[in-house]
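Novice: One structure follows; several queries about it will come next.
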Amino acid sequence: MLDPVTRPRATPSTLAIRCSRALMSPWSRLSLLLAMLASAAAAVVLYEPQRLLSAGWPPQISGAGSVVLFALAYGLCTAAFVPRPLLNLAAGALFGSQAGLVAAVAGTVLGAGIAFTLGRLLGQDALRPLVRGRWLKAADGQLSRHGFRSMLAIRLFPGVPFAAANYCAAVSRMGYAPFLLATAIGSIPNTAAYVVAGSEAASPTSPAFLFAMGFIVLTGLAAAVVAWCKRHRLRAR
């Protein structure tokens, strides 16, 4: 009779290699990203950090240090899905139009960089094969080939949610430099409008407040018109 074939036992080193491969697989990393995003969203709902930024700012912190600290908190909050308009209004109310704009733009770039890094490291490998369909392929090709121009247009017209644009850009082949540069430049006009509105909130009839609110409304309408035109062009193709 033939002797039974004995399979070699897995050594601790091979088990460790298999576990590390499983943990570092694209879908495992995507699951980790989804868990992190769900935890961040739950933390925002439970603790409402935007209230701490606007009403509970430490009184002992002032000057340039407070602007830097606010920018750091702003970046973390945007990565955790806190709406940017609320943070921009808080920046204007706390620091005025000039320092508030610096803090808000710096926080915007920081939050976008955090989201882009998480999406690129944890989600790109799993989601790239799923980029199918006419609209998804068109959006991916636009972001991959014309990253700076496309992201600049997205930031100038606030029709696409901030977090969605960050993660879509991370799944594409856009580089860090055009993404961050376009975010910094394109976010200035709309962010400035909200910051000015926040700094002038105590006098809602002032020309600065009315101009800022008018700019916000006009950019929103322009974003809706651009989205409508793009949709009909894609349908025509």
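Each chain of the structure tokens is named A, B, ... in the order shown, its residues numbered from 1; ligands are numbered from 1 in display order.
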Quick one: residues within 10 Å of Ala93 in chain A, only C-alpha atoms counted, chain neighbours fewer than 6 positions away excluded, as a list in words?
Specialist: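 After dropping sequence-adjacent residues, the list is Ser54, Ala55, Leu87, Gly100, Val195, Val196, Ala197, Gly198, Ser199, Glu200, Ala201 and Ala202 of chain A.
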Novice: Dump N, CA, C and O atoms for the selected residues as a PDB file, in the first residue's frame?
Specialist:
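What landed in result.pdb:
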```
ATOM      1  N   SER A  54     -16.375  76.845  17.687  1.00  0.00           N
ATOM      2  CA  SER A  54     -17.021  78.155  17.624  1.00  0.00           C
ATOM      3  C   SER A  54     -17.359  78.724  18.992  1.00  0.00           C
ATOM      4  O   SER A  54     -17.258  79.924  19.202  1.00  0.00           O
ATOM      5  N   ALA A  55     -17.743  77.870  19.948  1.00  0.00           N
ATOM      6  CA  ALA A  55     -18.213  78.367  21.243  1.00  0.00           C
ATOM      7  C   ALA A  55     -17.310  77.998  22.411  1.00  0.00           C
ATOM      8  O   ALA A  55     -17.323  78.680  23.429  1.00  0.00           O
ATOM      9  N   LEU A  87     -17.304  75.472   9.738  1.00  0.00           N
ATOM     10  CA  LEU A  87     -15.952  75.774  10.205  1.00  0.00           C
ATOM     11  C   LEU A  87     -15.464  77.111   9.661  1.00  0.00           C
ATOM     12  O   LEU A  87     -14.759  77.854  10.356  1.00  0.00           O
ATOM     13  N   GLY A 100      -8.749  84.596   9.917  1.00  0.00           N
ATOM     14  CA  GLY A 100      -9.687  83.495   9.748  1.00  0.00           C
ATOM     15  C   GLY A 100      -9.539  82.823   8.400  1.00  0.00           C
ATOM     16  O   GLY A 100      -9.648  81.592   8.290  1.00  0.00           O
ATOM     17  N   VAL A 195     -15.930  83.072   5.504  1.00  0.00           N
ATOM     18  CA  VAL A 195     -15.182  83.679   6.607  1.00  0.00           C
ATOM     19  C   VAL A 195     -15.639  85.124   6.816  1.00  0.00           C
ATOM     20  O   VAL A 195     -15.838  85.573   7.959  1.00  0.00           O
ATOM     21  N   VAL A 196     -15.800  85.862   5.728  1.00  0.00           N
ATOM     22  CA  VAL A 196     -16.287  87.248   5.846  1.00  0.00           C
ATOM     23  C   VAL A 196     -17.690  87.270   6.434  1.00  0.00           C
ATOM     24  O   VAL A 196     -18.016  88.114   7.289  1.00  0.00           O
ATOM     25  N   ALA A 197     -18.544  86.341   6.001  1.00  0.00           N
ATOM     26  CA  ALA A 197     -19.895  86.269   6.566  1.00  0.00           C
ATOM     27  C   ALA A 197     -19.852  85.977   8.055  1.00  0.00           C
ATOM     28  O   ALA A 197     -20.630  86.544   8.837  1.00  0.00           O
ATOM     29  N   GLY A 198     -18.936  85.117   8.473  1.00  0.00           N
ATOM     30  CA  GLY A 198     -18.814  84.828   9.898  1.00  0.00           C
ATOM     31  C   GLY A 198     -18.287  86.004  10.694  1.00  0.00           C
ATOM     32  O   GLY A 198     -18.746  86.277  11.812  1.00  0.00           O
ATOM     33  N   SER A 199     -17.340  86.744  10.116  1.00  0.00           N
ATOM     34  CA  SER A 199     -16.787  87.899  10.829  1.00  0.00           C
ATOM     35  C   SER A 199     -17.779  89.052  10.911  1.00  0.00           C
ATOM     36  O   SER A 199     -17.709  89.876  11.826  1.00  0.00           O
ATOM     37  N   GLU A 200     -18.722  89.128   9.950  1.00  0.00           N
ATOM     38  CA  GLU A 200     -19.707  90.203   9.928  1.00  0.00           C
ATOM     39  C   GLU A 200     -21.099  89.732  10.348  1.00  0.00           C
ATOM     40  O   GLU A 200     -22.089  90.424  10.074  1.00  0.00           O
ATOM     41  N   ALA A 201     -21.159  88.568  10.993  1.00  0.00           N
ATOM     42  CA  ALA A 201     -22.465  88.020  11.372  1.00  0.00           C
ATOM     43  C   ALA A 201     -23.213  88.914  12.352  1.00  0.00           C
ATOM     44  O   ALA A 201     -24.452  88.914  12.391  1.00  0.00           O
ATOM     45  N   ALA A 202     -22.471  89.688  13.147  1.00  0.00           N
ATOM     46  CA  ALA A 202     -23.136  90.569  14.113  1.00  0.00           C
ATOM     47  C   ALA A 202     -23.849  91.731  13.436  1.00  0.00           C
ATOM     48  O   ALA A 202     -24.743  92.345  14.037  1.00  0.00           O
TER      49      ALA A 202
END
```
Novice: Fewer than 6 positions away in the same chain doesn't count, so skip those; otherwise give me all residues within 8 Å of Leu101 in chain A, counting only C-alpha atoms, as a PyMOL selection string.
Specialist: chain A and resi 88+91-92+188+191-192+195
Novice: For a test of reading the model, state the distance in Å between CA of Ala170 in chain A and CA of Arg120 in chain A, rounded to one decimal.
Specialist: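 Answer for the CA of Ala170 in chain A to CA of Arg120 in chain A separation: 4.8 Å.
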